[in-house]
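Q: My structure file structure12.cif, mmCIF, C-alpha atoms, is below:
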```
data_upload
#
loop_
_atom_site.label_atom_id
_atom_site.label_comp_id
_atom_site.auth_asym_id
_atom_site.auth_seq_id
_atom_site.Cartn_x
_atom_site.Cartn_y
_atom_site.Cartn_z
CA MET Q 1 13.56 136.48 47.49
CA LYS Q 2 17.02 136.53 45.94
CA ARG Q 3 18.50 137.78 49.20
CA ALA Q 4 16.75 135.01 51.10
CA ARG Q 5 18.28 132.37 48.82
CA GLN Q 6 21.75 133.91 49.23
CA LYS Q 7 21.36 133.86 53.00
CA ALA Q 8 20.26 130.23 52.91
CA VAL Q 9 23.28 129.31 50.78
CA GLY Q 10 25.55 131.15 53.19
CA GLU Q 11 24.10 129.25 56.12
CA LYS Q 12 24.70 125.94 54.37
CA GLU Q 13 28.28 126.84 53.45
CA ALA Q 14 29.31 127.90 56.96
CA PRO Q 15 29.59 124.35 58.34
CA GLN Q 16 31.75 123.39 55.35
CA THR Q 17 34.19 126.17 56.22
CA SER Q 18 34.21 124.97 59.83
CA GLU Q 19 34.97 121.40 58.72
CA LYS Q 20 37.91 122.67 56.68
CA GLY Q 21 39.20 124.47 59.75
CA LYS Q 22 38.87 121.26 61.74
CA LYS Q 23 40.87 119.39 59.13
CA GLN Q 24 43.64 121.98 59.35
CA LYS Q 25 43.74 121.64 63.13
CA THR Q 26 43.68 117.87 62.80
CA SER Q 27 46.69 118.02 60.54
CA LEU Q 28 48.57 120.24 63.02
CA TYR Q 29 47.84 118.06 66.07
CA GLY Q 30 48.51 114.93 64.05
CA SER Q 31 52.03 116.07 63.26
CA VAL Q 32 52.75 116.46 66.96
CA PHE Q 33 50.87 113.64 68.65
CA GLY Q 34 50.04 111.18 65.85
CA GLU Q 35 46.65 110.57 64.28
CA SER Q 36 45.62 107.97 66.87
CA ASP Q 37 45.86 110.53 69.69
CA LEU Q 38 43.72 113.26 68.13
CA HIS Q 39 40.64 112.74 70.27
CA THR Q 40 42.61 112.89 73.52
CA SER Q 41 45.13 115.60 72.64
CA MET Q 42 43.33 118.26 74.63
CA ASP Q 43 42.77 115.99 77.65
CA TRP Q 44 45.92 116.58 79.72
CA GLY Q 45 45.27 113.50 81.81
CA ASN Q 46 45.29 111.26 78.73
CA LEU Q 47 48.30 112.61 76.83
CA PRO Q 48 50.53 109.83 75.48
CA HIS Q 49 53.12 108.54 77.94
CA HIS Q 50 56.10 109.66 75.82
CA VAL Q 51 54.68 113.20 75.49
CA ILE Q 52 54.26 113.62 79.25
CA LEU Q 53 57.76 112.26 79.80
CA ARG Q 54 59.12 114.76 77.28
CA ILE Q 55 57.34 117.61 79.05
CA PHE Q 56 58.88 116.59 82.38
CA GLN Q 57 62.37 116.43 80.87
CA PHE Q 58 62.15 120.07 79.78
CA LEU Q 59 60.74 121.41 83.06
CA PRO Q 60 62.87 122.77 85.92
CA LEU Q 61 62.71 120.59 88.99
CA VAL Q 62 60.27 122.78 90.94
CA ASP Q 63 57.87 123.03 87.99
CA ARG Q 64 58.22 119.29 87.37
CA ALA Q 65 57.17 118.58 90.96
CA ARG Q 66 54.16 120.91 90.59
CA ALA Q 67 53.18 119.29 87.30
CA SER Q 68 53.14 115.90 88.99
CA SER Q 69 50.00 117.00 90.86
CA VAL Q 70 47.95 117.39 87.65
CA CYS Q 71 46.57 113.87 88.06
CA ARG Q 72 47.48 110.40 89.25
CA ARG Q 73 48.90 109.40 85.87
CA TRP Q 74 51.22 112.40 85.75
CA ASN Q 75 52.36 111.60 89.27
CA GLU Q 76 53.16 108.02 88.26
CA ILE Q 77 55.23 109.22 85.30
CA PHE Q 78 56.95 111.74 87.59
CA HIS Q 79 58.46 108.77 89.45
CA ILE Q 80 59.61 106.59 86.56
CA PRO Q 81 63.39 105.79 86.67
CA ASP Q 82 64.24 107.60 83.41
CA LEU Q 83 63.56 110.97 85.04
CA TRP Q 84 65.86 110.29 88.00
CA ARG Q 85 69.03 109.00 86.36
CA ARG Q 86 70.47 112.52 86.21
CA PHE Q 87 70.04 114.87 89.17
CA GLU Q 88 71.71 117.94 90.65
CA PHE Q 89 71.23 118.67 94.33
CA GLU Q 90 71.46 122.40 95.10
CA LEU Q 91 72.18 123.21 98.73
CA ASN Q 92 72.52 126.71 100.13
CA GLN Q 93 71.82 129.14 102.92
CA PRO Q 94 68.95 131.28 101.51
CA ALA Q 95 70.08 134.51 103.19
CA THR Q 96 73.47 134.55 101.47
CA SER Q 97 73.14 132.56 98.24
CA TYR Q 98 71.52 132.89 94.83
CA LEU Q 99 71.12 129.12 94.43
CA LYS Q 100 67.61 127.65 94.52
CA SER Q 101 67.97 125.02 97.17
CA THR Q 102 66.46 121.58 96.52
CA HIS Q 103 63.53 121.18 98.91
CA PRO Q 104 64.30 118.86 101.88
CA ASP Q 105 61.07 116.88 101.34
CA LEU Q 106 62.06 116.20 97.74
CA ILE Q 107 65.53 115.10 98.84
CA GLN Q 108 64.03 112.58 101.24
CA GLN Q 109 61.66 111.36 98.52
CA ILE Q 110 64.59 110.86 96.14
CA ILE Q 111 66.59 108.96 98.75
CA LYS Q 112 63.60 106.76 99.59
CA ARG Q 113 62.30 106.04 96.08
CA HIS Q 114 65.06 106.81 93.59
CA ALA Q 115 68.48 106.22 95.16
CA ASP Q 116 68.92 103.08 93.07
CA HIS Q 117 68.00 105.00 89.88
CA LEU Q 118 70.56 107.80 90.27
CA GLN Q 119 73.46 107.48 87.84
CA TYR Q 120 74.67 111.01 87.03
CA VAL Q 121 74.73 113.02 90.24
CA SER Q 122 76.19 116.39 91.17
CA PHE Q 123 76.03 118.50 94.31
CA LYS Q 124 76.21 122.28 93.91
CA VAL Q 125 76.78 124.18 97.15
CA ASP Q 126 77.47 127.76 98.17
CA SER Q 127 80.39 128.85 100.34
CA SER Q 128 78.83 127.85 103.66
CA THR Q 129 80.02 124.86 105.67
CA GLU Q 130 76.39 123.98 106.48
CA SER Q 131 75.61 123.44 102.79
CA ALA Q 132 78.65 121.21 102.29
CA GLU Q 133 77.76 119.20 105.40
CA ALA Q 134 74.22 118.76 104.09
CA ALA Q 135 75.69 117.39 100.84
CA CYS Q 136 77.78 114.91 102.84
CA ASN Q 137 74.68 113.81 104.76
CA ILE Q 138 72.90 113.02 101.50
CA LEU Q 139 75.92 111.13 100.17
CA SER Q 140 75.95 109.04 103.34
CA GLN Q 141 72.39 107.87 102.63
CA LEU Q 142 73.00 106.67 99.05
CA VAL Q 143 73.61 103.09 100.13
CA ASN Q 144 71.58 101.56 97.26
CA CYS Q 145 73.07 103.72 94.53
CA SER Q 146 74.81 102.70 91.33
CA ILE Q 147 76.29 106.08 90.40
CA LYS Q 148 78.38 106.45 87.25
CA THR Q 149 79.22 110.17 87.47
CA LEU Q 150 79.76 112.18 90.66
CA GLY Q 151 80.48 115.90 90.88
CA LEU Q 152 80.98 118.06 93.97
CA ILE Q 153 80.82 121.71 92.94
CA SER Q 154 81.56 124.67 95.22
CA THR Q 155 80.33 127.95 93.76
CA ALA Q 156 82.66 129.73 96.20
CA LYS Q 157 85.31 128.66 98.69
CA PRO Q 158 85.75 127.30 101.36
CA SER Q 159 82.63 125.08 101.46
CA PHE Q 160 83.76 121.41 101.40
CA MET Q 161 87.21 122.28 102.77
CA ASN Q 162 85.60 123.31 106.07
CA VAL Q 163 83.84 119.97 106.54
CA ALA Q 164 85.48 117.64 109.04
CA LYS Q 165 87.84 115.37 107.10
CA ALA Q 166 86.45 112.20 108.74
CA HIS Q 167 82.84 113.20 107.90
CA PHE Q 168 83.70 113.91 104.26
CA ALA Q 169 85.70 110.70 103.83
CA SER Q 170 82.95 108.61 105.43
CA ALA Q 171 80.28 110.06 103.12
CA LEU Q 172 82.39 109.61 100.01
CA THR Q 173 83.28 106.04 100.97
CA VAL Q 174 79.58 105.10 100.97
CA VAL Q 175 79.35 106.04 97.28
CA PHE Q 176 82.70 104.48 96.37
CA VAL Q 177 81.78 101.17 98.00
CA ASN Q 178 78.21 100.90 96.73
CA SER Q 179 78.77 102.18 93.18
CA LYS Q 180 80.70 99.54 91.26
CA SER Q 181 80.73 101.40 87.95
CA LEU Q 182 81.99 104.95 88.66
CA SER Q 183 83.48 106.36 85.48
CA SER Q 184 83.69 110.12 86.12
CA ILE Q 185 84.53 111.96 89.36
CA LYS Q 186 84.96 115.73 89.77
CA ILE Q 187 85.84 116.61 93.36
CA ASP Q 188 88.02 119.74 93.32
CA ASP Q 189 88.66 121.74 96.50
CA THR Q 190 87.70 118.96 98.92
CA PRO Q 191 89.35 117.13 101.86
CA LEU Q 192 89.72 113.97 99.76
CA ASP Q 193 92.55 111.80 101.14
CA ASP Q 194 94.66 108.76 100.21
CA PRO Q 195 92.54 106.16 102.09
CA SER Q 196 89.44 107.36 100.20
CA LEU Q 197 91.28 106.96 96.89
CA LYS Q 198 92.24 103.41 97.85
CA VAL Q 199 88.56 102.60 98.47
CA LEU Q 200 87.71 104.12 95.08
CA VAL Q 201 90.36 102.02 93.35
CA ALA Q 202 89.35 98.83 95.15
CA ASN Q 203 85.75 99.13 93.94
CA ASN Q 204 85.92 100.99 90.60
CA SER Q 205 89.35 100.39 89.07
CA ASP Q 206 87.89 98.77 85.93
CA THR Q 207 85.45 101.60 85.16
CA LEU Q 208 87.15 104.88 86.19
CA LYS Q 209 87.91 107.05 83.14
CA LEU Q 210 87.93 110.63 84.45
CA LEU Q 211 89.27 111.96 87.75
CA LYS Q 212 89.42 115.70 88.52
CA MET Q 213 90.80 116.49 91.96
CA SER Q 214 92.67 119.78 91.88
CA SER Q 215 93.26 121.55 95.21
CA CYS Q 216 92.90 118.45 97.38
CA PRO Q 217 95.70 119.04 99.93
CA TYR Q 218 95.27 115.69 101.75
CA VAL Q 219 96.06 113.66 98.63
CA SER Q 220 99.75 112.74 98.36
CA PRO Q 221 101.76 111.66 95.30
CA ALA Q 222 101.49 108.09 96.64
CA GLY Q 223 97.68 108.32 96.62
CA ILE Q 224 97.44 109.39 92.99
CA LEU Q 225 100.12 106.87 92.02
CA CYS Q 226 97.85 104.17 93.45
CA VAL Q 227 95.12 105.35 91.06
CA ALA Q 228 97.49 105.38 88.09
CA ASP Q 229 98.79 101.90 88.91
CA GLN Q 230 95.33 100.31 89.16
CA CYS Q 231 92.92 102.31 86.95
CA HIS Q 232 94.19 101.28 83.54
CA GLY Q 233 91.24 102.80 81.68
CA LEU Q 234 91.90 106.34 82.94
CA LYS Q 235 91.59 108.83 80.07
CA GLU Q 236 91.34 112.23 81.80
CA LEU Q 237 93.15 113.43 84.91
CA ALA Q 238 93.26 116.84 86.63
CA LEU Q 239 95.50 117.51 89.63
CA ASN Q 240 97.85 119.95 91.31
CA TYR Q 241 101.48 120.11 90.30
CA TYR Q 242 102.71 119.07 93.75
CA ILE Q 243 101.19 115.59 93.11
CA LEU Q 244 102.81 115.28 89.69
CA SER Q 245 105.94 113.13 89.64
CA ASP Q 246 108.18 111.19 87.28
CA GLU Q 247 106.80 107.97 88.80
CA LEU Q 248 103.23 109.02 88.04
CA LEU Q 249 103.97 109.83 84.39
CA LEU Q 250 105.78 106.52 83.96
CA ALA Q 251 102.86 104.65 85.54
CA LEU Q 252 100.46 106.33 83.09
CA SER Q 253 102.81 105.30 80.28
CA SER Q 254 102.82 101.57 81.05
CA GLU Q 255 101.55 99.06 78.49
CA LYS Q 256 98.54 98.24 80.68
CA HIS Q 257 97.16 101.79 80.36
CA VAL Q 258 94.88 103.04 77.62
CA ASP Q 259 96.01 106.22 75.89
CA LEU Q 260 95.58 109.24 78.16
CA GLU Q 261 93.57 111.95 76.37
CA HIS Q 262 93.70 114.90 78.76
CA LEU Q 263 96.06 115.83 81.60
CA ARG Q 264 95.36 119.11 83.40
CA ILE Q 265 97.91 120.46 85.88
CA ASP Q 266 97.30 123.46 88.16
CA VAL Q 267 100.49 125.18 89.32
CA VAL Q 268 99.46 127.47 92.16
CA SER Q 269 101.28 129.54 94.77
CA GLU Q 270 99.53 131.72 97.34
CA ASN Q 271 102.66 133.40 98.75
CA PRO Q 272 105.96 133.97 96.88
CA GLY Q 273 108.73 131.66 98.03
CA GLN Q 274 106.39 129.49 100.09
CA VAL Q 275 106.64 126.46 97.78
CA GLN Q 276 109.75 125.01 96.16
CA PHE Q 277 108.64 123.58 92.83
CA HIS Q 278 110.29 120.40 91.60
CA THR Q 279 111.29 119.65 87.99
CA ILE Q 280 109.84 116.77 85.96
CA LYS Q 281 112.46 114.97 83.85
CA LYS Q 282 112.30 115.15 80.07
CA GLN Q 283 112.44 111.34 79.87
CA SER Q 284 109.21 111.07 81.88
CA TRP Q 285 107.38 113.51 79.61
CA ASP Q 286 108.74 111.66 76.55
CA ALA Q 287 107.47 108.33 77.88
CA LEU Q 288 103.95 109.73 78.32
CA VAL Q 289 103.80 111.22 74.83
CA LYS Q 290 105.23 108.07 73.27
CA HIS Q 291 102.50 106.02 74.94
CA SER Q 292 99.71 108.61 74.36
CA PRO Q 293 100.81 110.65 71.31
CA LYS Q 294 97.56 112.67 71.10
CA VAL Q 295 97.37 113.62 74.79
CA ASN Q 296 96.48 117.23 75.62
CA ILE Q 297 98.66 118.51 78.46
CA VAL Q 298 97.08 121.65 79.91
CA MET Q 299 98.89 123.77 82.51
CA TYR Q 300 97.40 126.67 84.49
CA PHE Q 301 99.99 128.86 86.21
CA PHE Q 302 99.23 131.15 89.14
CA LEU Q 303 102.79 131.88 90.26
CA TYR Q 304 104.94 134.91 90.99
CA GLU Q 305 107.73 135.69 88.53
CA GLU Q 306 110.50 134.46 90.80
CA GLU Q 307 108.86 131.01 91.12
CA PHE Q 308 109.13 129.92 87.47
CA ASP Q 309 112.70 128.67 87.63
CA ALA Q 310 111.80 124.95 87.64
CA PHE Q 311 109.73 125.08 84.44
CA PHE Q 312 110.48 124.75 80.72
CA ARG Q 313 114.26 124.52 80.99
CA GLU Q 314 114.02 121.36 78.88
CA GLU Q 315 111.60 120.36 76.15
CA THR Q 316 108.10 119.94 77.63
CA PRO Q 317 105.17 118.52 75.63
CA VAL Q 318 102.58 120.97 76.99
CA THR Q 319 99.76 121.81 74.53
CA HIS Q 320 97.79 124.52 76.37
CA LEU Q 321 99.31 127.20 78.64
CA TYR Q 322 97.47 129.77 80.74
CA PHE Q 323 99.29 132.33 82.88
CA GLY Q 324 96.98 133.99 85.39
CA ARG Q 325 99.67 136.28 86.82
CA ALA Q 326 102.61 138.18 85.37
CA VAL Q 327 105.20 136.08 83.56
CA SER Q 328 108.66 137.30 82.57
CA LYS Q 329 110.13 137.77 79.09
CA ALA Q 330 112.71 135.12 79.92
CA MET Q 331 109.98 132.60 80.70
CA LEU Q 332 108.15 133.31 77.44
CA GLY Q 333 111.48 132.93 75.64
CA ARG Q 334 111.87 129.45 77.16
CA ILE Q 335 108.37 128.52 76.01
CA GLY Q 336 109.30 129.45 72.46
CA MET Q 337 112.39 127.24 72.68
CA ASN Q 338 111.02 124.20 74.54
CA CYS Q 339 107.27 123.78 73.87
CA PRO Q 340 107.00 122.47 70.28
CA ARG Q 341 103.52 120.91 70.84
CA LEU Q 342 101.97 124.20 72.02
CA ILE Q 343 98.43 124.78 70.66
CA GLU Q 344 97.11 127.60 72.85
CA LEU Q 345 98.84 130.33 74.87
CA VAL Q 346 97.17 132.92 77.11
CA VAL Q 347 99.26 135.52 78.96
CA CYS Q 348 97.20 137.70 81.30
CA ALA Q 349 100.09 140.00 82.24
CA ASN Q 350 103.77 140.59 81.54
CA GLY Q 351 104.97 144.09 82.23
CA LEU Q 352 106.13 147.05 80.19
CA GLN Q 353 108.74 145.42 77.97
CA PRO Q 354 107.68 144.64 74.35
CA LEU Q 355 107.39 140.91 73.63
CA ASP Q 356 108.16 141.09 69.91
CA ASP Q 357 111.14 138.70 69.94
CA GLU Q 358 109.41 136.19 72.20
CA LEU Q 359 106.26 136.05 70.06
CA ILE Q 360 108.25 135.68 66.85
CA ARG Q 361 110.24 132.79 68.38
CA ILE Q 362 106.99 131.12 69.44
CA ALA Q 363 105.59 131.53 65.91
CA GLU Q 364 108.79 130.01 64.44
CA ARG Q 365 109.05 126.97 66.68
CA CYS Q 366 105.48 126.21 67.83
CA LYS Q 367 104.06 125.00 64.52
CA ASN Q 368 100.80 123.78 66.10
CA LEU Q 369 99.86 127.12 67.68
CA THR Q 370 96.26 128.03 66.77
CA ALA Q 371 95.11 130.24 69.67
CA MET Q 372 96.71 133.25 71.38
CA GLY Q 373 95.50 135.66 74.05
CA LEU Q 374 97.40 138.66 75.47
CA GLY Q 375 96.24 140.85 78.35
CA GLU Q 376 98.35 143.41 80.20
CA CYS Q 377 101.40 143.12 77.92
CA GLU Q 378 103.09 145.24 75.25
CA VAL Q 379 103.84 144.37 71.62
CA THR Q 380 104.77 146.78 68.84
CA CYS Q 381 102.41 146.82 65.87
CA ARG Q 382 105.26 145.78 63.58
CA GLY Q 383 106.23 142.86 65.82
CA PHE Q 384 102.61 141.74 66.14
CA ILE Q 385 102.07 141.78 62.38
CA GLU Q 386 105.26 139.75 61.90
CA PHE Q 387 103.96 137.19 64.42
CA VAL Q 388 100.59 136.94 62.64
CA LYS Q 389 102.27 136.71 59.23
CA MET Q 390 104.37 133.74 60.40
CA CYS Q 391 101.36 131.94 61.92
CA GLY Q 392 99.01 132.75 59.06
CA GLY Q 393 95.51 131.32 58.80
CA ARG Q 394 96.15 128.60 61.40
CA LEU Q 395 95.44 131.19 64.14
CA THR Q 396 91.75 130.41 64.63
CA GLN Q 397 91.58 132.43 67.88
CA LEU Q 398 93.41 135.71 68.41
CA SER Q 399 92.27 137.75 71.42
CA ILE Q 400 94.49 140.82 71.94
CA MET Q 401 93.44 143.81 73.98
CA GLU Q 402 93.85 147.11 72.13
CA GLU Q 403 96.02 148.52 74.94
CA VAL Q 404 98.63 145.81 74.25
CA LEU Q 405 99.53 147.16 70.80
CA ILE Q 406 102.09 149.99 70.53
CA PRO Q 407 101.86 152.07 67.32
CA ASP Q 408 105.18 152.63 65.54
CA ASN Q 409 106.51 154.45 62.48
CA ASP Q 410 105.32 151.69 60.12
CA TYR Q 411 101.86 150.87 61.43
CA SER Q 412 99.04 152.76 63.10
CA LEU Q 413 96.22 150.92 64.82
CA ASP Q 414 93.91 151.70 61.88
CA ARG Q 415 96.28 150.13 59.39
CA LEU Q 416 97.13 147.25 61.73
CA HIS Q 417 93.69 145.62 61.74
CA LEU Q 418 93.61 145.62 57.91
CA GLU Q 419 97.05 144.03 57.70
CA VAL Q 420 96.27 141.40 60.35
CA SER Q 421 92.94 140.61 58.68
CA LYS Q 422 94.75 140.02 55.39
CA HIS Q 423 97.13 137.44 56.91
CA LEU Q 424 94.41 135.70 58.93
CA GLY Q 425 92.08 135.47 55.95
CA ARG Q 426 89.19 137.00 57.91
CA MET Q 427 88.14 140.32 59.41
CA TRP Q 428 89.91 140.97 62.73
CA PHE Q 429 89.89 143.80 65.29
CA PRO Q 430 91.59 144.12 68.70
CA ASP Q 431 89.39 143.28 71.70
CA MET Q 432 88.06 145.86 74.10
CA MET Q 433 87.87 143.08 76.68
CA PRO Q 434 89.61 139.69 76.56
CA THR Q 435 87.43 136.79 75.42
CA TRP Q 436 89.37 134.04 77.22
#
```
For the file at hand, write its structure as structure tokens.

A:
Amino acid sequence: MKRARQKAVGEKEAPQTSEKGKKQKTSLYGSVFGESDLHTSMDWGNLPHHVILRIFQFLPLVDRARASSVCRRWNEIFHIPDLWRRFEFELNQPATSYLKSTHPDLIQQIIKRHADHLQYVSFKVDSSTESAEAACNILSQLVNCSIKTLGLISTAKPSFMNVAKAHFASALTVVFVNSKSLSSIKIDDTPLDDPSLKVLVANNSDTLKLLKMSSCPYVSPAGILCVADQCHGLKELALNYYILSDELLLALSSEKHVDLEHLRIDVVSENPGQVQFHTIKKQSWDALVKHSPKVNIVMYFFLYEEEFDAFFREETPVTHLYFGRAVSKAMLGRIGMNCPRLIELVVCANGLQPLDDELIRIAERCKNLTAMGLGECEVTCRGFIEFVKMCGGRLTQLSIMEEVLIPDNDYSLDRLHLEVSKHLGRMWFPDMMPTW
């Protein structure tokens, strides 16, 4: 009898435990969806609009397209403008590329239904000419677009450079003419030319803020000068050194221009002695810095040692320097003398002569230096510690390969890392591999 009563009580209490569990689940779902959506939270077709939209935003494109077939409502949300403002077209030849190519049917659907929604667009292609031509064909169809950001990205050369110049220019002109609010353009390694730049300026001079166009051999100094003269809101510019001129720097320094924030210059030579590099006057650099005192001037050098003669013989306001090939001791000595605004220096290779004196001079005169990287170079442990001692805690990045450091009578490698750590104010060890 007693057991029967206990069993009966247990049976009555079970539903109460279940209700408690339901309340806990209710609380969990309520925190995610809101109390008003509790009864529909498990019905995928009736999820709140903002939840479905959030799901789509996190899904890769292919999965997003598949998810759109869940029901009619999901398909409708799949096509709302907010999901199509930012899009990257991937175009490749499947046999030779790792890229996941955007399906042709989806491309046609985008052009038909969402061309006027696209605002932030990039094209990523492999090295094949066919992929680059396909990108140009899509560009040519964006006649109803209002693009703000355009990027043409080649994962490997030659790609766009193998497209017929007329075909490329025609495709790009469609976007330049129809988009009246372009603010950011990244089109490195392309057959961009002066007439195309003039079309860009004629239609987007009031909105253009960023232009990256390194390795565009059909652009002349006159073409980029046209941009500088008309696009007074330009804040970031990336180009090859052969386009850089005194006239360009003075144009960017005029009263009509906003302060330039970032100027990147690629100095590249494929064969030694093939290019004669010109010298930019100190007065032109001074004018730019006077007009834009906080501008970052970044220079990437891929030259042979005998080609450096035109650089850093006078004071140059460069802030970031990267040397991808060997650079001489004499050149590094000039940097220490004539680059007082230097913030970051990376030297991939130098030779077999210790750079103690050059580094110490850089530490003495480059008071803003906060980052240093050394690759295939040589520095004595004593000279390196002296350099670090002079720079002190302002060196926030110090990437030195262990092979660079030469032990001497005063310091072994074991003692060196303790001494360097003391002056930096943090634990430091040489790198096995460079981190820059």

Q: When the PyMOL selection byres ((chain Q and resi 110-124) around 10) is applied to the file above, which residues end up in the set, as number ranges by chain?

A: Q: 79-92, 99, 101, 104-109, 125-126, 131-132, 134-136, 138-139, 141-155, 179, 181-182, 184-187

Q: Need to verify the contact set: range 220-224 of chain Q, 12 Å, all atoms listed in the file, exclusion of same-chain residues closer than 6 positions in sequence. Can you return it as JSON, numbers by chain?

A: {"Q": [191, 192, 193, 194, 195, 196, 197, 198, 199, 200, 201, 211, 212, 213, 214, 230, 231, 234, 237, 238, 239, 240, 241, 242, 243, 244, 245, 246, 247, 248, 249, 251, 252]}

Q: Quick one: distance from CA of Pro94 in chain Q to CA of Pro217 in chain Q in Å, one decimal?

A: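 Value for the CA of Pro94 in chain Q-CA of Pro217 in chain Q distance: 29.5 Å.
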
Q: In Å, how far is it from CA of Glu402 in chain Q to CA of Ala326 in chain Q?

A: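 Going from CA of Glu402 in chain Q over to CA of Ala326 in chain Q, I get 18.2 Å.
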
Q: Would you translate the PyMOL selection byres ((chain Q and resi 288) around 7) into the concrete set of residues it matches in this file, as a PyMOL selection string?

A: chain Q and resi 249-250+252-253+284-287+289-292

Q: What is the distance between CA of His167 in chain Q and CA of Lys100 in chain Q, in Å to one decimal?

A: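 The value is 24.9 Å.
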
Q: Apply the PyMOL selection byres ((chain Q and resi 330) around 12) to the structure shown and report the selected residues as a list of chain:residue names.

A: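 So the PyMOL selection byres ((chain Q and resi 330) around 12) ends up selecting Q:Glu305, Q:Glu306, Q:Phe308, Q:Asp309, Q:Phe311, Q:Phe312, Q:Arg313, Q:Ala326, Q:Val327, Q:Ser328, Q:Lys329, Q:Met331, Q:Leu332, Q:Gly333, Q:Arg334, Q:Ile335, Q:Gly336, Q:Met337, Q:Asn350, Q:Gln353, Q:Leu355, Q:Asp357, Q:Glu358, Q:Leu359.
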
Q: Selected residues, C-alpha atoms, written as a PDB file, keeping the file's coordinate frame, please.

A:
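This went into part_35.pdb:
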```pdb
ATOM      1  CA  GLU Q 305     107.730 135.690  88.530  1.00  0.00           C
ATOM      2  CA  GLU Q 306     110.500 134.460  90.800  1.00  0.00           C
ATOM      3  CA  PHE Q 308     109.130 129.920  87.470  1.00  0.00           C
ATOM      4  CA  ASP Q 309     112.700 128.670  87.630  1.00  0.00           C
ATOM      5  CA  PHE Q 311     109.730 125.080  84.440  1.00  0.00           C
ATOM      6  CA  PHE Q 312     110.480 124.750  80.720  1.00  0.00           C
ATOM      7  CA  ARG Q 313     114.260 124.520  80.990  1.00  0.00           C
ATOM      8  CA  ALA Q 326     102.610 138.180  85.370  1.00  0.00           C
ATOM      9  CA  VAL Q 327     105.200 136.080  83.560  1.00  0.00           C
ATOM     10  CA  SER Q 328     108.660 137.300  82.570  1.00  0.00           C
ATOM     11  CA  LYS Q 329     110.130 137.770  79.090  1.00  0.00           C
ATOM     12  CA  MET Q 331     109.980 132.600  80.700  1.00  0.00           C
ATOM     13  CA  LEU Q 332     108.150 133.310  77.440  1.00  0.00           C
ATOM     14  CA  GLY Q 333     111.480 132.930  75.640  1.00  0.00           C
ATOM     15  CA  ARG Q 334     111.870 129.450  77.160  1.00  0.00           C
ATOM     16  CA  ILE Q 335     108.370 128.520  76.010  1.00  0.00           C
ATOM     17  CA  GLY Q 336     109.300 129.450  72.460  1.00  0.00           C
ATOM     18  CA  MET Q 337     112.390 127.240  72.680  1.00  0.00           C
ATOM     19  CA  ASN Q 350     103.770 140.590  81.540  1.00  0.00           C
ATOM     20  CA  GLN Q 353     108.740 145.420  77.970  1.00  0.00           C
ATOM     21  CA  LEU Q 355     107.390 140.910  73.630  1.00  0.00           C
ATOM     22  CA  ASP Q 357     111.140 138.700  69.940  1.00  0.00           C
ATOM     23  CA  GLU Q 358     109.410 136.190  72.200  1.00  0.00           C
ATOM     24  CA  LEU Q 359     106.260 136.050  70.060  1.00  0.00           C
TER      25      LEU Q 359
END
```

Q: Would you mind telling me which residue in Q:Leu369, Q:Cys391, Q:Ala228, Q:Ala67 lies nearest to Lys256 in chain Q when using all atoms listed in the file?

A: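 Looking only at the distances to Lys256 in chain Q, the closest residue turns out to be Q:Ala228.
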
Q: For Leu303 in chain Q, which of Q:Glu315, Q:Lys165, Q:Val267, Q:Tyr322 is the closest residue, counting only C-alpha atoms?

A: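 Under the stated criterion, the closest residue is Q:Val267.
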
Q: Could you work out an axis-aligned box for range 155-173 of chain Q, taking every atom the file lists and adding 5 Å on each side, and report centre and edge lengths in Å to one decimal, as JSON?

A:
```
{"center_x": 84.1, "center_y": 117.9, "center_z": 101.4, "size_x": 17.6, "size_y": 33.7, "size_z": 25.3}
```

Q: Looking at Q:Ser269, Q:Thr190, Q:Thr396, Q:Asn137, which one is nearest to Ser215 in chain Q, with distances taken over all atoms listed in the file?

A: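 Among the listed residues, Q:Thr190 lies closest to Ser215 in chain Q.
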
Q: Can you tell me which residues surround Pro434 in chain Q at a distance of at most 9 Å, considering all atoms listed in the file, apart from same-chain residues fewer than 6 positions away, and format the answer as a VMD selection string?

A: chain Q and resid 373 to 375 399 to 401

Q: Which residue gives the smallest distance to Cys366 in chain Q among Q:Phe78, Q:Phe387, Q:Phe58, Q:Phe160, with all atoms listed in the file counted?

A: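 Nearest candidate to Cys366 in chain Q out of Q:Phe78, Q:Phe387, Q:Phe58, Q:Phe160: Q:Phe387.
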
Q: Neighbouring residues of Asp356 in chain Q were defined as those with any atom within 10 Å, considering only C-alpha atoms; residues of the same chain fewer than 2 positions away were excluded. Please report them as a compact mmCIF listing (two decimals) with C-alpha atoms, in the frame of the given file.

A:
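Produced file selection.txt, reproduced below:
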```txt
# COMPACT_ATOMS: atom_id res chain seq x y z
CA LYS Q 329 110.13 137.77 79.09
CA GLN Q 353 108.74 145.42 77.97
CA PRO Q 354 107.68 144.64 74.35
CA GLU Q 358 109.41 136.19 72.20
CA LEU Q 359 106.26 136.05 70.06
CA ILE Q 360 108.25 135.68 66.85
CA ARG Q 361 110.24 132.79 68.38
CA GLU Q 378 103.09 145.24 75.25
CA VAL Q 379 103.84 144.37 71.62
CA THR Q 380 104.77 146.78 68.84
CA CYS Q 381 102.41 146.82 65.87
CA ARG Q 382 105.26 145.78 63.58
CA GLY Q 383 106.23 142.86 65.82
CA PHE Q 384 102.61 141.74 66.14
CA ILE Q 385 102.07 141.78 62.38
CA GLU Q 386 105.26 139.75 61.90
CA PHE Q 387 103.96 137.19 64.42
```
